[in-house]
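Participant: Got my_file04.pdb for you, PDB, N, CA and C atoms:
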ATOM      1  N   MET A 157      85.357 104.858  85.914  1.00  0.00           N
ATOM      2  CA  MET A 157      85.899 103.936  86.881  1.00  0.00           C
ATOM      3  C   MET A 157      84.801 103.531  87.859  1.00  0.00           C
ATOM      4  N   ARG A 158      84.845 102.293  88.263  1.00  0.00           N
ATOM      5  CA  ARG A 158      83.885 101.765  89.227  1.00  0.00           C
ATOM      6  C   ARG A 158      84.619 101.297  90.468  1.00  0.00           C
ATOM      7  N   GLN A 159      83.876 101.154  91.554  1.00  0.00           N
ATOM      8  CA  GLN A 159      84.470 100.665  92.790  1.00  0.00           C
ATOM      9  C   GLN A 159      84.164  99.184  92.952  1.00  0.00           C
ATOM     10  N   PHE A 160      85.186  98.430  93.349  1.00  0.00           N
ATOM     11  CA  PHE A 160      85.058  96.998  93.560  1.00  0.00           C
ATOM     12  C   PHE A 160      85.574  96.650  94.948  1.00  0.00           C
ATOM     13  N   GLN A 161      84.917  95.682  95.562  1.00  0.00           N
ATOM     14  CA  GLN A 161      85.408  95.122  96.808  1.00  0.00           C
ATOM     15  C   GLN A 161      86.149  93.840  96.436  1.00  0.00           C
ATOM     16  N   VAL A 162      87.426  93.777  96.787  1.00  0.00           N
ATOM     17  CA  VAL A 162      88.286  92.678  96.353  1.00  0.00           C
ATOM     18  C   VAL A 162      88.814  91.951  97.585  1.00  0.00           C
ATOM     19  N   VAL A 163      88.804  90.612  97.537  1.00  0.00           N
ATOM     20  CA  VAL A 163      89.243  89.816  98.675  1.00  0.00           C
ATOM     21  C   VAL A 163      89.977  88.566  98.201  1.00  0.00           C
ATOM     22  N   HIS A 164      90.951  88.169  99.000  1.00  0.00           N
ATOM     23  CA  HIS A 164      91.683  86.916  98.784  1.00  0.00           C
ATOM     24  C   HIS A 164      91.623  86.152 100.100  1.00  0.00           C
ATOM     25  N   ILE A 165      91.605  84.849 100.036  1.00  0.00           N
ATOM     26  CA  ILE A 165      91.446  84.025 101.236  1.00  0.00           C
ATOM     27  C   ILE A 165      92.520  84.293 102.290  1.00  0.00           C
ATOM     28  N   LYS A 166      93.726  84.679 101.864  1.00  0.00           N
ATOM     29  CA  LYS A 166      94.826  84.882 102.808  1.00  0.00           C
ATOM     30  C   LYS A 166      95.121  86.353 103.099  1.00  0.00           C
ATOM     31  N   HIS A 167      94.340  87.275 102.511  1.00  0.00           N
ATOM     32  CA  HIS A 167      94.626  88.705 102.672  1.00  0.00           C
ATOM     33  C   HIS A 167      93.355  89.467 103.028  1.00  0.00           C
ATOM     34  N   ASP A 168      93.515  90.748 103.262  1.00  0.00           N
ATOM     35  CA  ASP A 168      92.408  91.613 103.664  1.00  0.00           C
ATOM     36  C   ASP A 168      91.458  91.917 102.510  1.00  0.00           C
ATOM     37  N   VAL A 169      90.282  92.424 102.894  1.00  0.00           N
ATOM     38  CA  VAL A 169      89.324  92.956 101.931  1.00  0.00           C
ATOM     39  C   VAL A 169      89.747  94.376 101.618  1.00  0.00           C
ATOM     40  N   THR A 170      89.737  94.745 100.332  1.00  0.00           N
ATOM     41  CA  THR A 170      90.174  96.062  99.905  1.00  0.00           C
ATOM     42  C   THR A 170      89.192  96.619  98.889  1.00  0.00           C
ATOM     43  N   THR A 171      88.971  97.921  98.933  1.00  0.00           N
ATOM     44  CA  THR A 171      88.156  98.592  97.922  1.00  0.00           C
ATOM     45  C   THR A 171      89.100  99.195  96.887  1.00  0.00           C
ATOM     46  N   ILE A 172      88.824  98.880  95.614  1.00  0.00           N
ATOM     47  CA  ILE A 172      89.699  99.306  94.521  1.00  0.00           C
ATOM     48  C   ILE A 172      88.852  99.936  93.424  1.00  0.00           C
ATOM     49  N   GLN A 173      89.365 101.014  92.834  1.00  0.00           N
ATOM     50  CA  GLN A 173      88.712 101.619  91.677  1.00  0.00           C
ATOM     51  C   GLN A 173      89.381 101.102  90.416  1.00  0.00           C
ATOM     52  N   ALA A 174      88.562 100.580  89.493  1.00  0.00           N
ATOM     53  CA  ALA A 174      89.088 100.026  88.254  1.00  0.00           C
ATOM     54  C   ALA A 174      87.997 100.070  87.193  1.00  0.00           C
ATOM     55  N   LYS A 175      88.380  99.770  85.956  1.00  0.00           N
ATOM     56  CA  LYS A 175      87.425  99.753  84.855  1.00  0.00           C
ATOM     57  C   LYS A 175      86.680  98.435  84.745  1.00  0.00           C
ATOM     58  N   SER A 176      87.321  97.343  85.200  1.00  0.00           N
ATOM     59  CA  SER A 176      86.705  96.017  85.084  1.00  0.00           C
ATOM     60  C   SER A 176      87.075  95.165  86.291  1.00  0.00           C
ATOM     61  N   THR A 177      86.389  94.039  86.431  1.00  0.00           N
ATOM     62  CA  THR A 177      86.693  93.135  87.535  1.00  0.00           C
ATOM     63  C   THR A 177      88.088  92.549  87.380  1.00  0.00           C
ATOM     64  N   TYR A 178      88.478  92.251  86.154  1.00  0.00           N
ATOM     65  CA  TYR A 178      89.802  91.685  85.920  1.00  0.00           C
ATOM     66  C   TYR A 178      90.898  92.695  86.277  1.00  0.00           C
ATOM     67  N   GLU A 179      90.687  93.941  85.898  1.00  0.00           N
ATOM     68  CA  GLU A 179      91.666  94.980  86.235  1.00  0.00           C
ATOM     69  C   GLU A 179      91.770  95.143  87.754  1.00  0.00           C
ATOM     70  N   ALA A 180      90.635  95.086  88.444  1.00  0.00           N
ATOM     71  CA  ALA A 180      90.645  95.176  89.904  1.00  0.00           C
ATOM     72  C   ALA A 180      91.422  94.006  90.511  1.00  0.00           C
ATOM     73  N   ALA A 181      91.232  92.805  89.962  1.00  0.00           N
ATOM     74  CA  ALA A 181      91.960  91.630  90.449  1.00  0.00           C
ATOM     75  C   ALA A 181      93.459  91.778  90.198  1.00  0.00           C
ATOM     76  N   LYS A 182      93.838  92.323  89.037  1.00  0.00           N
ATOM     77  CA  LYS A 182      95.257  92.525  88.730  1.00  0.00           C
ATOM     78  C   LYS A 182      95.887  93.534  89.683  1.00  0.00           C
ATOM     79  N   ILE A 183      95.183  94.622  89.965  1.00  0.00           N
ATOM     80  CA  ILE A 183      95.691  95.642  90.882  1.00  0.00           C
ATOM     81  C   ILE A 183      95.882  95.040  92.273  1.00  0.00           C
ATOM     82  N   TYR A 184      94.899  94.262  92.710  1.00  0.00           N
ATOM     83  CA  TYR A 184      94.978  93.610  94.024  1.00  0.00           C
ATOM     84  C   TYR A 184      96.161  92.649  94.080  1.00  0.00           C
ATOM     85  N   ALA A 185      96.344  91.852  93.027  1.00  0.00           N
ATOM     86  CA  ALA A 185      97.458  90.899  92.973  1.00  0.00           C
ATOM     87  C   ALA A 185      98.794  91.635  93.051  1.00  0.00           C
ATOM     88  N   ASP A 186      98.897  92.771  92.385  1.00  0.00           N
ATOM     89  CA  ASP A 186     100.126  93.567  92.440  1.00  0.00           C
ATOM     90  C   ASP A 186     100.356  94.148  93.841  1.00  0.00           C
ATOM     91  N   MET A 187      99.266  94.581  94.500  1.00  0.00           N
ATOM     92  CA  MET A 187      99.376  95.163  95.835  1.00  0.00           C
ATOM     93  C   MET A 187      99.954  94.159  96.835  1.00  0.00           C
ATOM     94  N   TYR A 188      99.518  92.917  96.727  1.00  0.00           N
ATOM     95  CA  TYR A 188      99.946  91.891  97.674  1.00  0.00           C
ATOM     96  C   TYR A 188     101.029  90.975  97.103  1.00  0.00           C
ATOM     97  N   GLU A 189     101.587  91.377  95.968  1.00  0.00           N
ATOM     98  CA  GLU A 189     102.671  90.645  95.312  1.00  0.00           C
ATOM     99  C   GLU A 189     102.322  89.176  95.072  1.00  0.00           C
ATOM    100  N   LEU A 190     101.098  88.944  94.601  1.00  0.00           N
ATOM    101  CA  LEU A 190     100.660  87.590  94.253  1.00  0.00           C
ATOM    102  C   LEU A 190     101.126  87.259  92.846  1.00  0.00           C
ATOM    103  N   LYS A 191     101.336  85.981  92.571  1.00  0.00           N
ATOM    104  CA  LYS A 191     101.835  85.563  91.258  1.00  0.00           C
ATOM    105  C   LYS A 191     100.750  85.587  90.187  1.00  0.00           C
ATOM    106  N   SER A 192      99.489  85.454  90.606  1.00  0.00           N
ATOM    107  CA  SER A 192      98.390  85.456  89.637  1.00  0.00           C
ATOM    108  C   SER A 192      97.131  85.979  90.316  1.00  0.00           C
ATOM    109  N   THR A 193      96.034  85.986  89.576  1.00  0.00           N
ATOM    110  CA  THR A 193      94.759  86.442  90.125  1.00  0.00           C
ATOM    111  C   THR A 193      93.927  85.276  90.660  1.00  0.00           C
ATOM    112  N   ALA A 194      94.504  84.084  90.711  1.00  0.00           N
ATOM    113  CA  ALA A 194      93.787  82.912  91.219  1.00  0.00           C
ATOM    114  C   ALA A 194      93.434  83.108  92.689  1.00  0.00           C
ATOM    115  N   GLY A 195      92.213  82.783  93.049  1.00  0.00           N
ATOM    116  CA  GLY A 195      91.780  82.887  94.437  1.00  0.00           C
ATOM    117  C   GLY A 195      91.302  84.265  94.846  1.00  0.00           C
ATOM    118  N   ILE A 196      91.265  85.185  93.911  1.00  0.00           N
ATOM    119  CA  ILE A 196      90.802  86.546  94.202  1.00  0.00           C
ATOM    120  C   ILE A 196      89.344  86.664  93.795  1.00  0.00           C
ATOM    121  N   ASP A 197      88.511  87.145  94.722  1.00  0.00           N
ATOM    122  CA  ASP A 197      87.098  87.399  94.434  1.00  0.00           C
ATOM    123  C   ASP A 197      86.885  88.896  94.307  1.00  0.00           C
ATOM    124  N   VAL A 198      86.157  89.297  93.271  1.00  0.00           N
ATOM    125  CA  VAL A 198      85.902  90.714  93.021  1.00  0.00           C
ATOM    126  C   VAL A 198      84.393  90.930  92.960  1.00  0.00           C
ATOM    127  N   HIS A 199      83.907  91.902  93.730  1.00  0.00           N
ATOM    128  CA  HIS A 199      82.485  92.213  93.777  1.00  0.00           C
ATOM    129  C   HIS A 199      82.282  93.690  93.477  1.00  0.00           C
ATOM    130  N   LEU A 200      81.390  93.976  92.545  1.00  0.00           N
ATOM    131  CA  LEU A 200      81.075  95.359  92.180  1.00  0.00           C
ATOM    132  C   LEU A 200      80.272  96.011  93.294  1.00  0.00           C
ATOM    133  N   ILE A 201      80.680  97.207  93.696  1.00  0.00           N
ATOM    134  CA  ILE A 201      79.910  98.002  94.647  1.00  0.00           C
ATOM    135  C   ILE A 201      78.966  98.864  93.818  1.00  0.00           C
ATOM    136  N   PRO A 202      77.653  98.661  93.958  1.00  0.00           N
ATOM    137  CA  PRO A 202      76.705  99.433  93.147  1.00  0.00           C
ATOM    138  C   PRO A 202      76.886 100.936  93.336  1.00  0.00           C
ATOM    139  N   GLU A 203      76.779 101.684  92.251  1.00  0.00           N
ATOM    140  CA  GLU A 203      76.976 103.132  92.310  1.00  0.00           C
ATOM    141  C   GLU A 203      75.941 103.801  93.204  1.00  0.00           C
ATOM    142  N   VAL A 204      74.739 103.246  93.259  1.00  0.00           N
ATOM    143  CA  VAL A 204      73.695 103.817  94.104  1.00  0.00           C
ATOM    144  C   VAL A 204      74.126 103.748  95.564  1.00  0.00           C
ATOM    145  N   PHE A 205      74.674 102.629  95.967  1.00  0.00           N
ATOM    146  CA  PHE A 205      75.146 102.465  97.342  1.00  0.00           C
ATOM    147  C   PHE A 205      76.260 103.451  97.644  1.00  0.00           C
ATOM    148  N   ALA A 206      77.205 103.568  96.731  1.00  0.00           N
ATOM    149  CA  ALA A 206      78.333 104.473  96.928  1.00  0.00           C
ATOM    150  C   ALA A 206      77.856 105.922  97.025  1.00  0.00           C
ATOM    151  N   SER A 207      76.905 106.318  96.176  1.00  0.00           N
ATOM    152  CA  SER A 207      76.421 107.700  96.210  1.00  0.00           C
ATOM    153  C   SER A 207      75.602 107.963  97.472  1.00  0.00           C
ATOM    154  N   GLU A 208      74.865 106.950  97.956  1.00  0.00           N
ATOM    155  CA  GLU A 208      74.117 107.121  99.205  1.00  0.00           C
ATOM    156  C   GLU A 208      75.069 107.337 100.375  1.00  0.00           C
ATOM    157  N   LYS A 209      76.143 106.575 100.427  1.00  0.00           N
ATOM    158  CA  LYS A 209      77.123 106.725 101.497  1.00  0.00           C
ATOM    159  C   LYS A 209      77.784 108.099 101.430  1.00  0.00           C
ATOM    160  N   LEU A 210      78.043 108.592 100.213  1.00  0.00           N
ATOM    161  CA  LEU A 210      78.638 109.903 100.047  1.00  0.00           C
ATOM    162  C   LEU A 210      77.701 110.980 100.575  1.00  0.00           C
ATOM    163  N   LYS A 211      76.409 110.861 100.283  1.00  0.00           N
ATOM    164  CA  LYS A 211      75.433 111.830 100.779  1.00  0.00           C
ATOM    165  C   LYS A 211      75.381 111.816 102.301  1.00  0.00           C
ATOM    166  N   GLU A 212      75.417 110.614 102.899  1.00  0.00           N
ATOM    167  CA  GLU A 212      75.405 110.512 104.355  1.00  0.00           C
ATOM    168  C   GLU A 212      76.616 111.203 104.958  1.00  0.00           C
ATOM    169  N   LEU A 213      77.771 111.001 104.360  1.00  0.00           N
ATOM    170  CA  LEU A 213      78.984 111.639 104.867  1.00  0.00           C
ATOM    171  C   LEU A 213      78.912 113.161 104.730  1.00  0.00           C
ATOM    172  N   GLU A 214      78.372 113.645 103.628  1.00  0.00           N
ATOM    173  CA  GLU A 214      78.239 115.095 103.426  1.00  0.00           C
ATOM    174  C   GLU A 214      77.312 115.697 104.478  1.00  0.00           C
ATOM    175  N   GLU A 215      76.220 114.987 104.805  1.00  0.00           N
ATOM    176  CA  GLU A 215      75.288 115.476 105.826  1.00  0.00           C
ATOM    177  C   GLU A 215      75.966 115.546 107.192  1.00  0.00           C
ATOM    178  N   ILE A 216      76.756 114.543 107.497  1.00  0.00           N
ATOM    179  CA  ILE A 216      77.468 114.540 108.779  1.00  0.00           C
ATOM    180  C   ILE A 216      78.455 115.697 108.852  1.00  0.00           C
ATOM    181  N   LEU A 217      79.158 115.965 107.744  1.00  0.00           N
ATOM    182  CA  LEU A 217      80.106 117.065 107.739  1.00  0.00           C
ATOM    183  C   LEU A 217      79.430 118.414 107.858  1.00  0.00           C
ATOM    184  N   GLU A 218      78.232 118.549 107.304  1.00  0.00           N
ATOM    185  CA  GLU A 218      77.501 119.813 107.412  1.00  0.00           C
ATOM    186  C   GLU A 218      77.092 120.092 108.857  1.00  0.00           C
ATOM    187  N   GLU A 219      76.806 119.025 109.608  1.00  0.00           N
ATOM    188  CA  GLU A 219      76.398 119.184 110.998  1.00  0.00           C
ATOM    189  C   GLU A 219      77.545 119.662 111.867  1.00  0.00           C
ATOM    190  N   VAL A 220      78.759 119.334 111.465  1.00  0.00           N
ATOM    191  CA  VAL A 220      79.933 119.679 112.294  1.00  0.00           C
ATOM    192  C   VAL A 220      80.317 121.090 112.088  1.00  0.00           C
TER     193      VAL A 220
END
Any chance you could give the structure as C-alpha coordinates?

Facilitator:
Amino acid sequence: MRQFQVVHIKHDVTTIQAKSTYEAAKIYADMYELKSTAGIDVHLIPEVFASEKLKELEEILEEV
(Lines of atoms letter the chains of each structure in order from A and count residues from 1; the text may use other names and numbers.)
(Lines give C-alpha, C1' and ligand atoms only; values in the text may rest on other atoms or scores of the structure.)
Protein backbone atom coordinates (compact mmCIF):
# COMPACT_ATOMS: atom_id res chain seq x y z
CA MET A 1 0.00 0.00 0.00
CA ARG A 2 1.15 3.52 -0.77
CA GLN A 3 0.15 6.87 0.65
CA PHE A 4 -1.61 9.40 -1.56
CA GLN A 5 -2.63 12.98 -0.99
CA VAL A 6 -6.13 13.37 -2.43
CA VAL A 7 -8.02 16.62 -3.01
CA HIS A 8 -11.27 17.80 -4.57
CA ILE A 9 -12.04 21.43 -5.39
CA LYS A 10 -15.00 21.51 -2.97
CA HIS A 11 -13.58 19.32 -0.17
CA ASP A 12 -10.56 18.97 2.11
CA VAL A 13 -7.17 17.48 1.35
CA THR A 14 -6.92 13.95 2.74
CA THR A 15 -4.14 11.37 3.01
CA ILE A 16 -5.28 7.92 1.92
CA GLN A 17 -3.53 4.55 1.76
CA ALA A 18 -4.31 2.60 -1.40
CA LYS A 19 -2.74 0.37 -4.03
CA SER A 20 -3.27 2.78 -6.94
CA THR A 21 -4.25 6.35 -7.70
CA TYR A 22 -7.62 5.20 -9.00
CA GLU A 23 -8.33 3.23 -5.83
CA ALA A 24 -7.39 6.29 -3.76
CA ALA A 25 -9.80 8.42 -5.83
CA LYS A 26 -12.58 5.85 -5.36
CA ILE A 27 -12.04 5.76 -1.58
CA TYR A 28 -12.10 9.56 -1.45
CA ALA A 29 -15.30 9.70 -3.54
CA ASP A 30 -16.95 7.23 -1.16
CA MET A 31 -15.81 9.23 1.89
CA TYR A 32 -17.45 12.41 0.62
CA GLU A 33 -20.37 10.62 -1.07
CA LEU A 34 -19.43 11.89 -4.54
CA LYS A 35 -21.12 10.36 -7.58
CA SER A 36 -17.85 9.84 -9.47
CA THR A 37 -14.11 10.45 -9.31
CA ALA A 38 -14.36 13.50 -11.61
CA GLY A 39 -12.55 16.52 -10.21
CA ILE A 40 -10.44 14.51 -7.79
CA ASP A 41 -6.66 15.00 -7.90
CA VAL A 42 -4.43 12.28 -6.49
CA HIS A 43 -0.73 12.78 -5.73
CA LEU A 44 1.66 10.04 -4.62
CA ILE A 45 3.55 10.81 -1.41
CA PRO A 46 7.09 9.48 -1.99
CA GLU A 47 8.04 6.70 0.42
CA VAL A 48 11.32 8.45 1.20
CA PHE A 49 9.43 11.50 2.44
CA ALA A 50 7.08 9.38 4.52
CA SER A 51 9.94 7.42 6.10
CA GLU A 52 11.86 10.63 6.86
CA LYS A 53 8.83 12.06 8.66
CA LEU A 54 8.46 8.81 10.60
CA LYS A 55 12.09 9.01 11.73
CA GLU A 56 11.60 12.62 12.83
CA LEU A 57 8.57 11.65 14.88
CA GLU A 58 10.43 8.73 16.49
CA GLU A 59 13.28 11.08 17.48
CA ILE A 60 10.84 13.51 19.05
CA LEU A 61 9.18 10.72 21.02
CA GLU A 62 12.54 9.48 22.29
CA GLU A 63 13.29 12.94 23.67
CA VAL A 64 10.07 12.97 25.68

Participant: Pick out the residues sitting within 6.5 Å of His199 of chain A, and hand them over as a ChimeraX atom specification; count all atoms listed in the file, and ignore anything fewer than 2 positions along from it in its own chain.

Facilitator: /A:159-163,197,201

Participant: Pull out every residue that the PyMOL selection byres (((chain A and resi 176-184 and name CA) around 10) and name CA) matches in the shown coordinates and put them as a PDB file with N, CA and C atoms, in the coordinates of the input.

Facilitator:
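Below is the file selection.pdb, written as the result:
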ATOM      1  N   MET A 157      85.357 104.858  85.914  1.00  0.00           N
ATOM      2  CA  MET A 157      85.899 103.936  86.881  1.00  0.00           C
ATOM      3  C   MET A 157      84.801 103.531  87.859  1.00  0.00           C
ATOM      4  N   ARG A 158      84.845 102.293  88.263  1.00  0.00           N
ATOM      5  CA  ARG A 158      83.885 101.765  89.227  1.00  0.00           C
ATOM      6  C   ARG A 158      84.619 101.297  90.468  1.00  0.00           C
ATOM      7  N   GLN A 159      83.876 101.154  91.554  1.00  0.00           N
ATOM      8  CA  GLN A 159      84.470 100.665  92.790  1.00  0.00           C
ATOM      9  C   GLN A 159      84.164  99.184  92.952  1.00  0.00           C
ATOM     10  N   PHE A 160      85.186  98.430  93.349  1.00  0.00           N
ATOM     11  CA  PHE A 160      85.058  96.998  93.560  1.00  0.00           C
ATOM     12  C   PHE A 160      85.574  96.650  94.948  1.00  0.00           C
ATOM     13  N   GLN A 161      84.917  95.682  95.562  1.00  0.00           N
ATOM     14  CA  GLN A 161      85.408  95.122  96.808  1.00  0.00           C
ATOM     15  C   GLN A 161      86.149  93.840  96.436  1.00  0.00           C
ATOM     16  N   VAL A 162      87.426  93.777  96.787  1.00  0.00           N
ATOM     17  CA  VAL A 162      88.286  92.678  96.353  1.00  0.00           C
ATOM     18  C   VAL A 162      88.814  91.951  97.585  1.00  0.00           C
ATOM     19  N   VAL A 163      88.804  90.612  97.537  1.00  0.00           N
ATOM     20  CA  VAL A 163      89.243  89.816  98.675  1.00  0.00           C
ATOM     21  C   VAL A 163      89.977  88.566  98.201  1.00  0.00           C
ATOM     22  N   HIS A 164      90.951  88.169  99.000  1.00  0.00           N
ATOM     23  CA  HIS A 164      91.683  86.916  98.784  1.00  0.00           C
ATOM     24  C   HIS A 164      91.623  86.152 100.100  1.00  0.00           C
ATOM     25  N   HIS A 167      94.340  87.275 102.511  1.00  0.00           N
ATOM     26  CA  HIS A 167      94.626  88.705 102.672  1.00  0.00           C
ATOM     27  C   HIS A 167      93.355  89.467 103.028  1.00  0.00           C
ATOM     28  N   VAL A 169      90.282  92.424 102.894  1.00  0.00           N
ATOM     29  CA  VAL A 169      89.324  92.956 101.931  1.00  0.00           C
ATOM     30  C   VAL A 169      89.747  94.376 101.618  1.00  0.00           C
ATOM     31  N   THR A 170      89.737  94.745 100.332  1.00  0.00           N
ATOM     32  CA  THR A 170      90.174  96.062  99.905  1.00  0.00           C
ATOM     33  C   THR A 170      89.192  96.619  98.889  1.00  0.00           C
ATOM     34  N   THR A 171      88.971  97.921  98.933  1.00  0.00           N
ATOM     35  CA  THR A 171      88.156  98.592  97.922  1.00  0.00           C
ATOM     36  C   THR A 171      89.100  99.195  96.887  1.00  0.00           C
ATOM     37  N   ILE A 172      88.824  98.880  95.614  1.00  0.00           N
ATOM     38  CA  ILE A 172      89.699  99.306  94.521  1.00  0.00           C
ATOM     39  C   ILE A 172      88.852  99.936  93.424  1.00  0.00           C
ATOM     40  N   GLN A 173      89.365 101.014  92.834  1.00  0.00           N
ATOM     41  CA  GLN A 173      88.712 101.619  91.677  1.00  0.00           C
ATOM     42  C   GLN A 173      89.381 101.102  90.416  1.00  0.00           C
ATOM     43  N   ALA A 174      88.562 100.580  89.493  1.00  0.00           N
ATOM     44  CA  ALA A 174      89.088 100.026  88.254  1.00  0.00           C
ATOM     45  C   ALA A 174      87.997 100.070  87.193  1.00  0.00           C
ATOM     46  N   LYS A 175      88.380  99.770  85.956  1.00  0.00           N
ATOM     47  CA  LYS A 175      87.425  99.753  84.855  1.00  0.00           C
ATOM     48  C   LYS A 175      86.680  98.435  84.745  1.00  0.00           C
ATOM     49  N   ALA A 185      96.344  91.852  93.027  1.00  0.00           N
ATOM     50  CA  ALA A 185      97.458  90.899  92.973  1.00  0.00           C
ATOM     51  C   ALA A 185      98.794  91.635  93.051  1.00  0.00           C
ATOM     52  N   ASP A 186      98.897  92.771  92.385  1.00  0.00           N
ATOM     53  CA  ASP A 186     100.126  93.567  92.440  1.00  0.00           C
ATOM     54  C   ASP A 186     100.356  94.148  93.841  1.00  0.00           C
ATOM     55  N   MET A 187      99.266  94.581  94.500  1.00  0.00           N
ATOM     56  CA  MET A 187      99.376  95.163  95.835  1.00  0.00           C
ATOM     57  C   MET A 187      99.954  94.159  96.835  1.00  0.00           C
ATOM     58  N   TYR A 188      99.518  92.917  96.727  1.00  0.00           N
ATOM     59  CA  TYR A 188      99.946  91.891  97.674  1.00  0.00           C
ATOM     60  C   TYR A 188     101.029  90.975  97.103  1.00  0.00           C
ATOM     61  N   GLU A 189     101.587  91.377  95.968  1.00  0.00           N
ATOM     62  CA  GLU A 189     102.671  90.645  95.312  1.00  0.00           C
ATOM     63  C   GLU A 189     102.322  89.176  95.072  1.00  0.00           C
ATOM     64  N   LEU A 190     101.098  88.944  94.601  1.00  0.00           N
ATOM     65  CA  LEU A 190     100.660  87.590  94.253  1.00  0.00           C
ATOM     66  C   LEU A 190     101.126  87.259  92.846  1.00  0.00           C
ATOM     67  N   LYS A 191     101.336  85.981  92.571  1.00  0.00           N
ATOM     68  CA  LYS A 191     101.835  85.563  91.258  1.00  0.00           C
ATOM     69  C   LYS A 191     100.750  85.587  90.187  1.00  0.00           C
ATOM     70  N   SER A 192      99.489  85.454  90.606  1.00  0.00           N
ATOM     71  CA  SER A 192      98.390  85.456  89.637  1.00  0.00           C
ATOM     72  C   SER A 192      97.131  85.979  90.316  1.00  0.00           C
ATOM     73  N   THR A 193      96.034  85.986  89.576  1.00  0.00           N
ATOM     74  CA  THR A 193      94.759  86.442  90.125  1.00  0.00           C
ATOM     75  C   THR A 193      93.927  85.276  90.660  1.00  0.00           C
ATOM     76  N   ALA A 194      94.504  84.084  90.711  1.00  0.00           N
ATOM     77  CA  ALA A 194      93.787  82.912  91.219  1.00  0.00           C
ATOM     78  C   ALA A 194      93.434  83.108  92.689  1.00  0.00           C
ATOM     79  N   GLY A 195      92.213  82.783  93.049  1.00  0.00           N
ATOM     80  CA  GLY A 195      91.780  82.887  94.437  1.00  0.00           C
ATOM     81  C   GLY A 195      91.302  84.265  94.846  1.00  0.00           C
ATOM     82  N   ILE A 196      91.265  85.185  93.911  1.00  0.00           N
ATOM     83  CA  ILE A 196      90.802  86.546  94.202  1.00  0.00           C
ATOM     84  C   ILE A 196      89.344  86.664  93.795  1.00  0.00           C
ATOM     85  N   ASP A 197      88.511  87.145  94.722  1.00  0.00           N
ATOM     86  CA  ASP A 197      87.098  87.399  94.434  1.00  0.00           C
ATOM     87  C   ASP A 197      86.885  88.896  94.307  1.00  0.00           C
ATOM     88  N   VAL A 198      86.157  89.297  93.271  1.00  0.00           N
ATOM     89  CA  VAL A 198      85.902  90.714  93.021  1.00  0.00           C
ATOM     90  C   VAL A 198      84.393  90.930  92.960  1.00  0.00           C
ATOM     91  N   HIS A 199      83.907  91.902  93.730  1.00  0.00           N
ATOM     92  CA  HIS A 199      82.485  92.213  93.777  1.00  0.00           C
ATOM     93  C   HIS A 199      82.282  93.690  93.477  1.00  0.00           C
ATOM     94  N   LEU A 200      81.390  93.976  92.545  1.00  0.00           N
ATOM     95  CA  LEU A 200      81.075  95.359  92.180  1.00  0.00           C
ATOM     96  C   LEU A 200      80.272  96.011  93.294  1.00  0.00           C
TER      97      LEU A 200
END

Participant: Looking only at alpha helix (DSSP H) from DSSP on the backbone, list the matching residues of chain A as a list in words.

Facilitator: Thr177, Tyr178, Glu179, Ala180, Ala181, Lys182, Ile183, Tyr184, Ala185, Asp186, Met187, Glu203, Val204, Phe205, Ala206, Ser207, Glu208, Lys209, Leu210, Lys211, Glu212, Leu213, Glu214, Glu215, Ile216, Leu217, Glu218 and Glu219 of chain A

Participant: Store the residues of this selection in a file with N, CA and C atoms, as a CSV table (one decimal), keeping the file's coordinate frame.

Facilitator:
chain,number,residue,atom,x,y,z
A,177,THR,N,86.4,94.0,86.4
A,177,THR,CA,86.7,93.1,87.5
A,177,THR,C,88.1,92.5,87.4
A,178,TYR,N,88.5,92.3,86.2
A,178,TYR,CA,89.8,91.7,85.9
A,178,TYR,C,90.9,92.7,86.3
A,179,GLU,N,90.7,93.9,85.9
A,179,GLU,CA,91.7,95.0,86.2
A,179,GLU,C,91.8,95.1,87.8
A,180,ALA,N,90.6,95.1,88.4
A,180,ALA,CA,90.6,95.2,89.9
A,180,ALA,C,91.4,94.0,90.5
A,181,ALA,N,91.2,92.8,90.0
A,181,ALA,CA,92.0,91.6,90.4
A,181,ALA,C,93.5,91.8,90.2
A,182,LYS,N,93.8,92.3,89.0
A,182,LYS,CA,95.3,92.5,88.7
A,182,LYS,C,95.9,93.5,89.7
A,183,ILE,N,95.2,94.6,90.0
A,183,ILE,CA,95.7,95.6,90.9
A,183,ILE,C,95.9,95.0,92.3
A,184,TYR,N,94.9,94.3,92.7
A,184,TYR,CA,95.0,93.6,94.0
A,184,TYR,C,96.2,92.6,94.1
A,185,ALA,N,96.3,91.9,93.0
A,185,ALA,CA,97.5,90.9,93.0
A,185,ALA,C,98.8,91.6,93.1
A,186,ASP,N,98.9,92.8,92.4
A,186,ASP,CA,100.1,93.6,92.4
A,186,ASP,C,100.4,94.1,93.8
A,187,MET,N,99.3,94.6,94.5
A,187,MET,CA,99.4,95.2,95.8
A,187,MET,C,100.0,94.2,96.8
A,203,GLU,N,76.8,101.7,92.3
A,203,GLU,CA,77.0,103.1,92.3
A,203,GLU,C,75.9,103.8,93.2
A,204,VAL,N,74.7,103.2,93.3
A,204,VAL,CA,73.7,103.8,94.1
A,204,VAL,C,74.1,103.7,95.6
A,205,PHE,N,74.7,102.6,96.0
A,205,PHE,CA,75.1,102.5,97.3
A,205,PHE,C,76.3,103.5,97.6
A,206,ALA,N,77.2,103.6,96.7
A,206,ALA,CA,78.3,104.5,96.9
A,206,ALA,C,77.9,105.9,97.0
A,207,SER,N,76.9,106.3,96.2
A,207,SER,CA,76.4,107.7,96.2
A,207,SER,C,75.6,108.0,97.5
A,208,GLU,N,74.9,107.0,98.0
A,208,GLU,CA,74.1,107.1,99.2
A,208,GLU,C,75.1,107.3,100.4
A,209,LYS,N,76.1,106.6,100.4
A,209,LYS,CA,77.1,106.7,101.5
A,209,LYS,C,77.8,108.1,101.4
A,210,LEU,N,78.0,108.6,100.2
A,210,LEU,CA,78.6,109.9,100.0
A,210,LEU,C,77.7,111.0,100.6
A,211,LYS,N,76.4,110.9,100.3
A,211,LYS,CA,75.4,111.8,100.8
A,211,LYS,C,75.4,111.8,102.3
A,212,GLU,N,75.4,110.6,102.9
A,212,GLU,CA,75.4,110.5,104.4
A,212,GLU,C,76.6,111.2,105.0
A,213,LEU,N,77.8,111.0,104.4
A,213,LEU,CA,79.0,111.6,104.9
A,213,LEU,C,78.9,113.2,104.7
A,214,GLU,N,78.4,113.6,103.6
A,214,GLU,CA,78.2,115.1,103.4
A,214,GLU,C,77.3,115.7,104.5
A,215,GLU,N,76.2,115.0,104.8
A,215,GLU,CA,75.3,115.5,105.8
A,215,GLU,C,76.0,115.5,107.2
A,216,ILE,N,76.8,114.5,107.5
A,216,ILE,CA,77.5,114.5,108.8
A,216,ILE,C,78.5,115.7,108.9
A,217,LEU,N,79.2,116.0,107.7
A,217,LEU,CA,80.1,117.1,107.7
A,217,LEU,C,79.4,118.4,107.9
A,218,GLU,N,78.2,118.5,107.3
A,218,GLU,CA,77.5,119.8,107.4
A,218,GLU,C,77.1,120.1,108.9
A,219,GLU,N,76.8,119.0,109.6
A,219,GLU,CA,76.4,119.2,111.0
A,219,GLU,C,77.5,119.7,111.9

Participant: Out of chain A, which residues get strand (DSSP E or B) from DSSP, as a PyMOL selection string?

Facilitator: chain A and resi 158-164+170-174+196-200

Participant: Would you mind reading off the distance between atom C of Lys166 of chain A and atom CA of Pro202 of chain A, one decimal, in Å?

Facilitator: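 Between these atoms lies a distance of 24.7 Å.
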